[in-house]
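Quick look at coords.cif (mmCIF, C-alpha atoms):
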```
data_my_file
loop_
_atom_site.label_atom_id
_atom_site.label_comp_id
_atom_site.auth_asym_id
_atom_site.auth_seq_id
_atom_site.Cartn_x
_atom_site.Cartn_y
_atom_site.Cartn_z
CA MET P 213 12.20 -40.40 35.75
CA THR P 214 15.34 -38.43 36.55
CA PRO P 215 17.74 -38.45 33.60
CA PRO P 216 21.19 -39.94 34.16
CA GLY P 217 24.07 -37.64 35.00
CA VAL P 218 25.85 -36.07 37.89
CA TRP P 219 22.96 -34.42 39.69
CA HIS P 220 19.43 -33.57 38.68
CA PRO P 221 16.74 -32.04 40.83
CA ALA P 222 14.29 -34.66 42.05
CA GLU P 223 10.78 -34.70 40.64
CA ASP P 224 9.13 -33.08 43.68
CA LEU P 225 11.78 -30.34 43.83
CA LEU P 226 11.24 -29.54 40.17
CA GLN P 227 7.49 -29.64 40.60
CA SER P 228 7.50 -27.17 43.46
CA TYR P 229 9.80 -24.89 41.43
CA VAL P 230 7.30 -24.98 38.57
CA ASP P 231 4.48 -24.19 40.99
CA GLY P 232 6.46 -21.22 42.26
CA GLY P 233 6.52 -22.44 45.84
CA LEU P 234 10.16 -23.42 46.08
CA PRO P 235 12.07 -21.18 48.50
CA GLY P 236 14.96 -19.08 47.25
CA LEU P 237 18.06 -21.12 47.76
CA SER P 238 16.63 -24.29 46.21
CA ALA P 239 14.96 -22.35 43.42
CA GLY P 240 18.27 -20.71 42.60
CA SER P 241 19.92 -24.10 42.42
CA VAL P 242 17.24 -25.40 40.09
CA GLU P 243 17.58 -22.32 37.89
CA ALA P 244 21.34 -22.62 37.69
CA HIS P 245 20.99 -26.29 36.86
CA LEU P 246 18.41 -25.61 34.13
CA LEU P 247 20.81 -23.31 32.31
CA GLY P 248 23.13 -26.20 31.70
CA CYS P 249 20.76 -29.15 31.45
CA PRO P 250 18.59 -29.53 28.34
CA ALA P 251 17.01 -32.69 29.75
CA CYS P 252 15.68 -30.91 32.84
CA ARG P 253 14.52 -27.99 30.71
CA VAL P 254 12.31 -30.49 28.93
CA ARG P 255 11.13 -31.76 32.32
CA VAL P 256 9.88 -28.31 33.41
CA ALA P 257 8.45 -27.38 29.99
CA GLY P 258 5.08 -28.88 30.90
CA GLY P 259 4.77 -26.31 33.69
CA VAL P 260 3.72 -23.59 31.29
CA GLU P 261 0.33 -23.74 29.61
CA PRO P 262 0.78 -24.81 25.96
CA ALA P 263 -1.91 -22.31 24.93
CA ARG P 264 0.08 -19.47 26.46
CA LEU P 265 3.28 -20.54 24.74
CA ALA P 266 1.46 -20.87 21.44
CA ARG P 267 -0.05 -17.40 21.80
CA VAL P 268 3.29 -15.78 22.57
CA ARG P 269 4.82 -17.67 19.67
CA LEU P 270 2.16 -16.37 17.31
CA GLN P 271 2.72 -12.79 18.44
CA LEU P 272 6.45 -13.31 18.10
CA ASP P 273 5.92 -14.52 14.54
CA ASP P 274 3.95 -11.37 13.75
CA ARG P 275 6.67 -9.18 15.15
CA LEU P 276 9.29 -11.07 13.15
CA ASP P 277 7.26 -10.49 9.97
CA GLU P 278 7.03 -6.85 10.87
CA HIS P 279 10.76 -6.76 11.51
CA GLU P 280 11.61 -8.44 8.20
CA ARG P 281 9.51 -6.03 6.21
CA PRO P 282 11.57 -3.42 4.36
CA TRP P 283 11.38 -0.04 6.08
CA VAL P 284 9.46 1.55 3.19
CA GLU P 285 6.83 -1.15 3.46
CA ARG P 286 6.65 -0.73 7.25
CA LEU P 287 6.18 3.00 6.72
CA LEU P 288 3.39 2.43 4.19
CA VAL P 289 1.59 -0.01 6.46
CA ARG P 290 1.90 2.40 9.36
CA CYS P 291 0.40 5.10 7.14
CA GLY P 292 -2.68 2.92 6.68
CA VAL P 293 -1.88 1.24 3.37
CA ASP P 294 -3.29 -2.28 3.17
CA GLU P 295 -0.58 -4.87 3.91
CA GLY P 296 -1.11 -6.73 0.64
CA ASP P 297 -1.04 -3.50 -1.32
CA ALA P 298 2.18 -2.42 0.32
CA ARG P 299 3.83 -5.74 -0.47
CA ALA P 300 2.61 -5.77 -4.08
CA LEU P 301 3.68 -2.17 -4.49
CA LEU P 302 7.24 -2.79 -3.50
CA ALA P 303 7.76 -6.33 -4.74
CA ALA P 304 8.34 -5.63 -8.41
CA PRO P 305 11.77 -4.79 -9.77
CA SER P 306 10.09 -2.65 -12.43
CA LEU P 307 8.89 -0.41 -9.65
CA ARG P 308 12.34 0.12 -8.27
CA ARG P 309 13.50 0.89 -11.78
CA ALA P 310 10.67 3.37 -12.12
CA TRP P 311 11.70 5.06 -8.90
CA TRP P 312 15.26 5.36 -10.04
CA LEU P 313 14.06 6.72 -13.35
CA ALA P 314 11.95 9.29 -11.55
CA VAL P 315 14.86 10.41 -9.41
CA ILE P 316 17.40 10.51 -12.22
CA ALA P 317 15.06 12.20 -14.68
CA ALA P 318 14.08 14.80 -12.13
CA ALA P 319 17.72 15.48 -11.33
CA GLY P 320 18.45 15.82 -15.06
CA LEU P 321 15.59 18.27 -15.36
CA GLY P 322 17.00 20.34 -12.54
CA LEU P 323 20.38 20.48 -14.26
CA LEU P 324 18.70 21.46 -17.53
CA ALA P 325 16.82 24.28 -15.87
CA LEU P 326 20.06 25.50 -14.34
CA GLY P 327 21.97 25.03 -17.58
CA ASP P 328 22.81 27.72 -20.11
CA SER P 329 20.75 26.50 -23.04
CA LYS P 330 18.96 29.27 -24.94
CA ASP P 331 15.80 29.03 -22.87
CA PRO P 332 16.22 26.69 -19.92
CA THR P 333 12.76 27.44 -18.59
CA ALA P 334 11.11 26.39 -21.86
CA VAL P 335 13.07 23.13 -21.91
CA PHE P 336 11.98 22.48 -18.35
CA LEU P 337 8.34 23.12 -19.18
CA VAL P 338 8.41 20.76 -22.14
CA LEU P 339 10.13 17.92 -20.33
CA ALA P 340 8.73 18.18 -16.80
CA PRO P 341 5.32 16.57 -17.49
CA LEU P 342 7.05 13.71 -19.31
CA VAL P 343 8.82 12.57 -16.14
CA PRO P 344 5.77 11.41 -14.15
CA LEU P 345 4.33 10.04 -17.38
CA ALA P 346 7.37 7.94 -18.24
CA THR P 347 7.89 6.68 -14.69
CA THR P 348 4.24 5.71 -14.44
CA ALA P 349 4.53 3.73 -17.65
CA VAL P 350 7.66 1.97 -16.44
CA ALA P 351 6.03 1.23 -13.10
CA TYR P 352 3.61 -1.10 -14.79
CA ALA P 353 5.44 -2.30 -17.86
CA PRO P 354 4.93 -6.03 -18.36
CA ALA P 355 7.96 -6.23 -20.64
CA LEU P 356 10.22 -4.83 -17.94
CA ASP P 357 8.88 -6.88 -15.09
CA PRO P 358 10.23 -10.43 -14.82
CA ALA P 359 7.50 -11.21 -12.30
CA PHE P 360 4.72 -10.08 -14.58
CA ALA P 361 3.51 -13.56 -15.54
CA LEU P 362 3.37 -14.41 -11.87
CA VAL P 363 1.50 -11.26 -10.95
CA ALA P 364 -0.97 -11.67 -13.79
CA ALA P 365 -1.76 -15.18 -12.64
CA THR P 366 -2.54 -14.15 -9.06
CA PRO P 367 -6.03 -13.21 -7.99
CA TYR P 368 -4.71 -9.76 -7.19
CA ARG P 369 -6.59 -7.23 -9.29
CA THR P 370 -4.44 -5.93 -12.12
CA MET P 371 -6.17 -2.59 -12.32
CA ARG P 372 -5.77 -2.04 -8.60
CA LEU P 373 -2.11 -2.87 -8.88
CA LEU P 374 -1.70 -0.55 -11.84
CA LEU P 375 -3.30 2.33 -10.01
CA ALA P 376 -1.53 1.73 -6.72
CA ARG P 377 1.88 1.58 -8.36
CA SER P 378 1.19 4.54 -10.60
CA LEU P 379 0.14 6.58 -7.62
CA ALA P 380 3.24 5.61 -5.68
CA VAL P 381 5.67 6.26 -8.51
CA GLY P 382 3.83 9.28 -9.85
CA ALA P 383 3.98 10.89 -6.43
CA THR P 384 7.71 10.28 -6.28
CA ALA P 385 8.21 11.75 -9.73
CA VAL P 386 6.13 14.82 -8.88
CA VAL P 387 8.12 15.43 -5.72
CA GLY P 388 11.33 15.01 -7.71
CA VAL P 389 10.24 17.43 -10.40
CA ALA P 390 9.05 19.89 -7.77
CA LEU P 391 12.53 19.82 -6.27
CA ALA P 392 14.05 20.23 -9.70
CA ALA P 393 11.73 23.20 -10.30
CA LEU P 394 13.56 25.03 -7.54
CA ALA P 395 16.30 25.46 -10.13
CA VAL P 396 13.92 27.60 -12.19
CA PRO P 397 14.34 31.34 -11.55
CA GLU P 398 12.25 32.43 -8.61
CA ARG P 399 9.71 34.73 -10.20
CA ASP P 400 9.15 32.38 -13.16
CA LEU P 401 5.74 30.73 -13.20
CA ALA P 402 7.33 27.64 -14.77
CA ARG P 403 8.11 26.68 -11.19
CA VAL P 404 4.50 25.63 -10.65
CA VAL P 405 2.60 25.50 -13.92
CA TRP P 406 4.08 22.14 -15.00
CA LEU P 407 2.06 20.38 -12.35
CA LEU P 408 -1.39 20.37 -13.98
CA PRO P 409 -0.16 19.22 -17.40
CA SER P 410 1.81 16.48 -15.65
CA VAL P 411 -1.26 15.26 -13.81
CA ALA P 412 -3.39 15.44 -16.96
CA LEU P 413 -0.90 13.52 -19.11
CA THR P 414 -0.33 10.84 -16.50
CA LEU P 415 -4.05 10.31 -15.97
CA LEU P 416 -4.51 10.12 -19.73
CA VAL P 417 -1.93 7.35 -19.91
CA LEU P 418 -3.70 5.50 -17.11
CA SER P 419 -7.08 5.81 -18.80
CA LEU P 420 -5.70 4.53 -22.10
CA ALA P 421 -3.56 1.79 -20.59
CA PRO P 422 -6.27 -0.90 -20.28
CA ARG P 423 -7.06 -0.51 -24.00
CA LEU P 424 -3.67 0.15 -25.57
CA GLY P 425 -1.29 -1.35 -23.03
CA THR P 426 0.81 0.84 -20.79
CA ALA P 427 3.76 1.33 -23.11
CA ALA P 428 1.69 2.23 -26.17
CA ALA P 429 -0.45 4.57 -24.10
CA ALA P 430 2.62 6.32 -22.73
CA TRP P 431 4.22 6.68 -26.15
CA THR P 432 0.98 8.00 -27.63
CA VAL P 433 0.36 10.60 -24.96
CA GLY P 434 4.01 11.64 -24.85
CA ALA P 435 4.13 12.06 -28.60
CA ALA P 436 0.90 14.04 -28.60
CA TRP P 437 2.34 16.40 -25.99
CA ILE P 438 5.50 17.00 -28.01
CA LEU P 439 3.55 17.42 -31.25
CA LEU P 440 1.20 19.90 -29.59
CA LEU P 441 4.05 22.02 -28.24
CA GLY P 442 5.99 21.70 -31.49
CA SER P 443 3.18 22.85 -33.71
CA LEU P 444 2.41 25.79 -31.41
CA GLU P 445 6.08 26.74 -31.37
CA ARG P 446 6.14 26.69 -35.17
CA ARG P 447 3.21 29.06 -35.20
CA GLY P 448 5.21 31.38 -32.99
CA VAL P 449 3.39 30.76 -29.75
CA ASP P 450 5.80 30.93 -26.82
CA VAL P 451 5.79 27.90 -24.55
CA GLY P 452 4.82 30.27 -21.78
CA TRP P 453 1.21 29.82 -22.84
CA ILE P 454 1.07 26.91 -20.44
CA ALA P 455 1.10 29.45 -17.65
CA ASP P 456 -2.03 31.20 -18.92
CA THR P 457 -5.06 30.89 -16.74
CA ALA P 458 -7.15 29.53 -19.60
CA ALA P 459 -4.53 26.90 -20.40
CA GLN P 460 -4.27 25.88 -16.77
CA LEU P 461 -8.04 25.57 -16.56
CA ALA P 462 -8.02 23.45 -19.70
CA TRP P 463 -5.40 21.15 -18.17
CA ALA P 464 -7.47 20.89 -15.03
CA ALA P 465 -10.53 19.98 -17.10
CA LEU P 466 -8.56 17.40 -19.05
CA SER P 467 -7.33 15.93 -15.76
CA ALA P 468 -10.90 15.67 -14.51
CA VAL P 469 -12.06 13.92 -17.68
CA ALA P 470 -9.13 11.50 -17.60
CA LEU P 471 -9.74 10.82 -13.92
CA ALA P 472 -13.37 10.01 -14.67
CA ALA P 473 -12.25 7.66 -17.41
CA VAL P 474 -9.81 5.93 -15.06
CA THR P 475 -12.49 5.56 -12.40
CA TYR P 476 -14.88 4.12 -14.95
CA GLN P 477 -12.35 1.58 -16.17
CA TRP P 478 -11.55 0.71 -12.59
CA HIS P 479 -15.14 -0.16 -11.78
CA ARG P 480 -15.64 -2.01 -15.02
CA LEU P 481 -12.54 -4.14 -14.53
CA GLU P 482 -13.12 -4.65 -10.84
CA THR P 483 -16.57 -6.08 -11.46
CA ARG P 484 -15.88 -7.95 -14.65
CA GLY P 485 -12.41 -9.31 -14.11
CA ILE P 486 -9.12 -8.62 -15.72
CA ALA P 487 -8.78 -7.89 -19.40
CA MET Q 40 22.73 -34.50 26.69
CA ALA Q 41 25.89 -33.24 25.05
CA GLU Q 42 24.12 -33.81 21.81
CA LEU Q 43 21.22 -31.64 22.88
CA ALA Q 44 23.61 -28.89 23.90
CA ARG Q 45 25.32 -29.01 20.56
CA ASP Q 46 21.84 -28.77 19.09
CA ASP Q 47 21.31 -25.44 20.82
CA ALA Q 48 24.55 -24.11 19.44
CA ALA Q 49 23.69 -25.35 15.96
CA LEU Q 50 20.24 -23.79 16.24
CA LEU Q 51 21.72 -20.44 17.25
CA ARG Q 52 24.07 -20.55 14.30
CA ALA Q 53 21.15 -21.35 12.01
CA VAL Q 54 19.22 -18.43 13.52
CA ALA Q 55 22.20 -16.19 12.87
CA ALA Q 56 22.02 -17.30 9.24
CA GLY Q 57 18.39 -16.19 9.12
CA ASP Q 58 16.59 -19.50 9.56
CA ARG Q 59 13.11 -18.79 10.95
CA ASP Q 60 12.41 -22.48 11.60
CA ALA Q 61 15.49 -22.67 13.77
CA LEU Q 62 14.17 -19.75 15.81
CA ARG Q 63 10.84 -21.53 16.24
CA ARG Q 64 12.65 -24.64 17.43
CA LEU Q 65 14.75 -22.55 19.78
CA TYR Q 66 11.58 -20.95 21.12
CA ASP Q 67 9.96 -24.33 21.73
CA LEU Q 68 13.03 -25.50 23.64
CA HIS Q 69 13.71 -22.39 25.66
CA ALA Q 70 10.52 -20.39 26.08
CA PRO Q 71 9.06 -22.64 28.83
CA TRP Q 72 11.87 -22.35 31.36
CA LEU Q 73 12.31 -18.70 30.47
CA VAL Q 74 8.65 -18.05 31.26
CA LEU Q 75 8.99 -19.90 34.57
CA ARG Q 76 12.16 -18.13 35.59
CA LEU Q 77 10.91 -14.67 34.61
CA SER Q 78 7.64 -15.34 36.40
CA ARG Q 79 9.57 -15.75 39.64
CA ARG Q 80 10.82 -12.18 39.20
CA CYS Q 81 7.69 -10.52 37.88
CA ASN Q 82 4.13 -11.40 38.79
CA ASP Q 83 2.56 -9.76 35.73
CA ASP Q 84 1.99 -12.58 33.22
CA GLY Q 85 1.28 -10.16 30.38
CA LEU Q 86 4.56 -8.41 30.97
CA VAL Q 87 6.42 -11.71 31.15
CA ASP Q 88 4.94 -12.77 27.80
CA GLU Q 89 6.02 -9.48 26.30
CA VAL Q 90 9.52 -9.89 27.67
CA VAL Q 91 9.72 -13.42 26.25
CA GLN Q 92 8.78 -12.04 22.84
CA ASP Q 93 11.33 -9.25 23.19
CA THR Q 94 13.94 -11.79 24.13
CA PHE Q 95 13.46 -14.02 21.12
CA LEU Q 96 13.21 -11.02 18.84
CA ALA Q 97 16.57 -9.92 20.24
CA VAL Q 98 17.92 -13.45 19.73
CA TRP Q 99 16.75 -13.26 16.12
CA LYS Q 100 18.43 -9.93 15.56
CA GLY Q 101 21.53 -10.63 17.59
CA ALA Q 102 22.26 -14.33 17.18
CA ARG Q 103 25.41 -13.36 15.33
CA ARG Q 104 26.70 -11.73 18.48
CA TRP Q 105 26.69 -15.03 20.38
CA ASP Q 106 30.36 -15.89 20.66
CA GLY Q 107 29.80 -19.61 20.20
CA SER Q 108 31.63 -20.68 23.33
CA GLY Q 109 29.18 -20.17 26.19
CA GLU Q 110 26.02 -22.02 27.09
CA PRO Q 111 23.25 -20.83 24.74
CA ALA Q 112 20.64 -21.01 27.51
CA ALA Q 113 22.75 -18.73 29.71
CA TRP Q 114 23.11 -16.30 26.84
CA ILE Q 115 19.35 -16.30 26.31
CA TRP Q 116 18.77 -15.74 30.03
CA GLY Q 117 21.19 -12.81 29.96
CA ILE Q 118 19.07 -11.20 27.27
CA GLY Q 119 15.79 -12.12 28.95
CA VAL Q 120 16.59 -10.73 32.39
CA ARG Q 121 17.84 -7.47 30.89
CA ARG Q 122 14.67 -7.14 28.83
CA LEU Q 123 12.71 -7.68 32.02
CA VAL Q 124 14.67 -4.92 33.72
CA ASP Q 125 13.97 -2.60 30.79
CA ALA Q 126 10.29 -3.52 30.74
CA LEU Q 127 9.94 -2.91 34.48
CA ARG Q 128 11.62 0.45 34.14
CA ARG Q 129 9.26 1.44 31.33
CA ARG Q 130 6.24 0.33 33.29
CA PRO Q 131 7.26 1.11 36.83
CA ARG Q 132 5.40 -0.38 39.73
CA PRO Q 133 2.13 -1.60 40.33
CA THR Q 134 4.23 -4.61 39.32
CA VAL Q 135 5.87 -6.17 42.32
CA PRO Q 136 9.13 -7.48 40.95
CA PHE Q 137 9.40 -10.28 43.44
CA ARG Q 138 6.67 -12.69 44.20
CA ASP Q 139 7.94 -13.00 47.69
CA VAL Q 140 10.98 -11.11 48.71
CA HIS Q 141 11.65 -13.58 51.49
CA ASP Q 142 11.95 -16.40 48.98
CA ALA Q 143 13.89 -14.49 46.40
CA THR Q 144 17.39 -15.16 47.45
CA VAL Q 145 20.41 -17.27 46.85
CA VAL Q 146 24.05 -16.92 46.54
CA SER Q 147 24.98 -19.73 44.36
CA ALA Q 148 24.04 -22.60 42.38
CA GLU Q 149 24.49 -26.11 41.32
CA ASP Q 150 27.96 -26.54 42.70
CA LEU Q 151 26.74 -25.44 46.12
CA VAL Q 152 23.94 -27.95 45.91
CA LEU Q 153 26.41 -30.60 44.89
CA LEU Q 154 28.33 -29.89 48.05
CA GLY Q 155 25.15 -30.17 50.03
CA VAL Q 156 25.28 -26.59 51.25
CA GLU Q 157 21.55 -26.18 51.01
CA HIS Q 158 21.37 -27.22 54.62
CA GLY Q 159 24.99 -26.49 55.34
CA ASP Q 160 26.92 -23.44 56.42
CA VAL Q 161 26.52 -21.19 53.40
CA GLY Q 162 22.87 -22.02 53.00
CA SER Q 163 21.95 -21.11 56.52
CA ALA Q 164 24.21 -18.09 56.42
CA VAL Q 165 22.38 -16.81 53.35
CA ALA Q 166 19.07 -17.63 54.95
CA ARG Q 167 20.01 -15.44 57.90
CA LEU Q 168 20.54 -12.40 55.66
CA SER Q 169 17.82 -9.80 55.60
CA PRO Q 170 15.43 -10.05 52.63
CA GLU Q 171 16.85 -6.83 51.12
CA LEU Q 172 20.37 -8.20 51.17
CA ARG Q 173 19.29 -11.54 49.75
CA ALA Q 174 17.46 -9.78 46.93
CA VAL Q 175 20.53 -7.85 45.81
CA LEU Q 176 22.63 -11.00 46.01
CA GLN Q 177 20.12 -12.83 43.85
CA ALA Q 178 20.04 -10.07 41.24
CA THR Q 179 23.78 -9.55 41.05
CA VAL Q 180 25.23 -12.99 41.70
CA LEU Q 181 22.64 -15.38 40.36
CA ASP Q 182 20.98 -13.32 37.63
CA GLY Q 183 24.27 -11.81 36.59
CA LEU Q 184 23.02 -8.24 36.49
CA THR Q 185 25.19 -5.18 36.92
CA THR Q 186 24.58 -2.99 39.94
CA ARG Q 187 22.67 -0.51 37.84
CA GLU Q 188 20.46 -3.19 36.27
CA ALA Q 189 19.85 -4.80 39.64
CA GLY Q 190 18.83 -1.38 40.92
CA ARG Q 191 16.26 -1.03 38.17
CA LEU Q 192 14.92 -4.50 38.79
CA LEU Q 193 14.53 -3.89 42.51
CA GLY Q 194 13.49 -0.28 42.21
CA ILE Q 195 16.37 1.09 44.27
CA PRO Q 196 19.33 3.33 43.33
CA ALA Q 197 22.46 1.65 41.99
CA GLY Q 198 24.46 3.05 44.88
CA THR Q 199 22.16 1.30 47.32
CA VAL Q 200 22.67 -1.99 45.47
CA LYS Q 201 26.41 -1.56 45.78
CA THR Q 202 26.34 -0.90 49.49
CA ARG Q 203 23.88 -3.72 50.12
CA VAL Q 204 26.06 -6.20 48.20
CA MET Q 205 29.03 -5.12 50.29
CA ARG Q 206 27.04 -5.46 53.48
CA ALA Q 207 25.77 -8.89 52.41
CA LYS Q 208 29.29 -10.09 51.63
CA ALA Q 209 30.61 -8.76 54.89
CA ALA Q 210 27.79 -10.44 56.80
CA LEU Q 211 28.44 -13.77 55.07
CA ARG Q 212 32.16 -13.52 55.69
CA GLU Q 213 31.57 -12.85 59.35
CA ASP Q 214 28.99 -15.60 59.64
CA LEU Q 215 31.20 -18.21 57.96
CA ALA Q 216 34.42 -17.21 59.63
#
```
Exercise: express the given structure as structure tokens:
Amino acid sequence: MTPPGVWHPAEDLLQSYVDGGLPGLSAGSVEAHLLGCPACRVRVAGGVEPARLARVRLQLDDRLDEHERPWVERLLVRCGVDEGDARALLAAPSLRRAWWLAVIAAAGLGLLALGDSKDPTAVFLVLAPLVPLATTAVAYAPALDPAFALVAATPYRTMRLLLARSLAVGATAVVGVALAALAVPERDLARVVWLLPSVALTLLVLSLAPRLGTAAAAWTVGAAWILLLGSLERRGVDVGWIADTAAQLAWAALSAVALAAVTYQWHRLETRGIA
Amino acid sequence: MAELARDDAALLRAVAAGDRDALRRLYDLHAPWLVLRLSRRCNDDGLVDEVVQDTFLAVWKGARRWDGSGEPAAWIWGIGVRRLVDALRRRPRPTVPFRDVHDATVVSAEDLVLLGVEHGDVGSAVARLSPELRAVLQATVLDGLTTREAGRLLGIPAGTVKTRVMRAKAALREDLA
């Protein structure tokens, strides 16, 4: 039974060590021997319940998974986001691109608002809502995502993914633009009034996306926004109209309608499958 | 046997390279004795399990820090016993760190056994030490803890550990002279 070699603890010595009954000096000898003797480590291994070892191993595996998760994902999971959602959210390169776009575009906006163009505030107001819109579109652009074919083939619901990613990226873009808005002069309402049009336009894109495709929806809505502002400008209406109470209410209403449309599509696609 | 030892080293290197299977293998080889040895120093099985997890998590994160020369098992034990000390400090007492203070002793190890000292001079000299002195000798000499760590493990100030080690050594010297 005892493996060959210089000295190995006898079977009964080892057994009483495993049982915990071996007095100190002998136990210390066994322990010191075990550090250097793989064969005797195997001999004592049976002294621990396999079920216990398996349980600890499983928990260890969980903690390793947790440890390997990127910190953003860990943060999301800790905030209550479903594990699968968090992974799907962060897995796509298109999403990272969208985040970068959000950050860079927002920074550009801030510079513009600071800049000495004729009316920096007007430029800010025109461009600000386009940032969340564009980043949302990029966040779910099949053409830009090498993993798209893979994602589309998984049972993961496309609409859910679209909404989750849009929410994540849109929130980033809004925070970015809000920071950029600090560059707008303090008393100027442009600091806040961009928010409702941004929300409305982004929701519009999301509601149109299942029908037109994300890119086409984004281009359409973006173009409509520019055309609207352009035609009003030509008629001599200052871009400041966005700050009017009536206009803000209208944007809020449009947001509500678009949100309803998105919710409707969501339920339809969830129950019927992916278009 | 030498082959098995080289295996450990190879496994640790694989773990350092991020190989999860290698960590699983390492766990299968080393978790059992680690559980047994930690259980002799802490009678709370739940805590021991937690410490074992902590240890292998630390091995996973820190395998690169293994210098490649020492015995991998000794390196793992070094991590494990320190994690136990930390865990005991975080969750102080009701846990009795030693199953039986009278049994928790020992100056030395395999080489002493090889010389047959178990029943010889050193063995009986150690056996004649008070339990407190034997406990500090075990923690510092056999477990390789620093005075401060030994203090945490035993629940006494580091200064006390130091004086007890000195007293233990003096007593042994006198006894063996």
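Considering all atoms listed in the file, the residue among P:Glu280, P:Asp274, P:Asp231, P:Glu285 positioned nearest to Gly259 (chain P) is P:Asp231.
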Return the neighbours of chain Q among the residues of chain P, cut-off 8 Å, counting all atoms listed in the file, as a VMD selection string. chain P and resid 219 230 232 234 to 238 240 to 251 253 to 254 256 to 260 265 268 to 269 271 to 272 275 to 276
What does the structure give for the distance between CA of Ala390 (chain P) and CA of Pro341 (chain P), in Å to one decimal? 10.9 Å
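Interatomic distance, CA of Arg286 (chain P) to CA of Ala314 (chain P): 22.0 Å.
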CA of Ala465 (chain P) to CA of Ala435 (chain P), distance in Å rounded to a single decimal: 20.2 Å
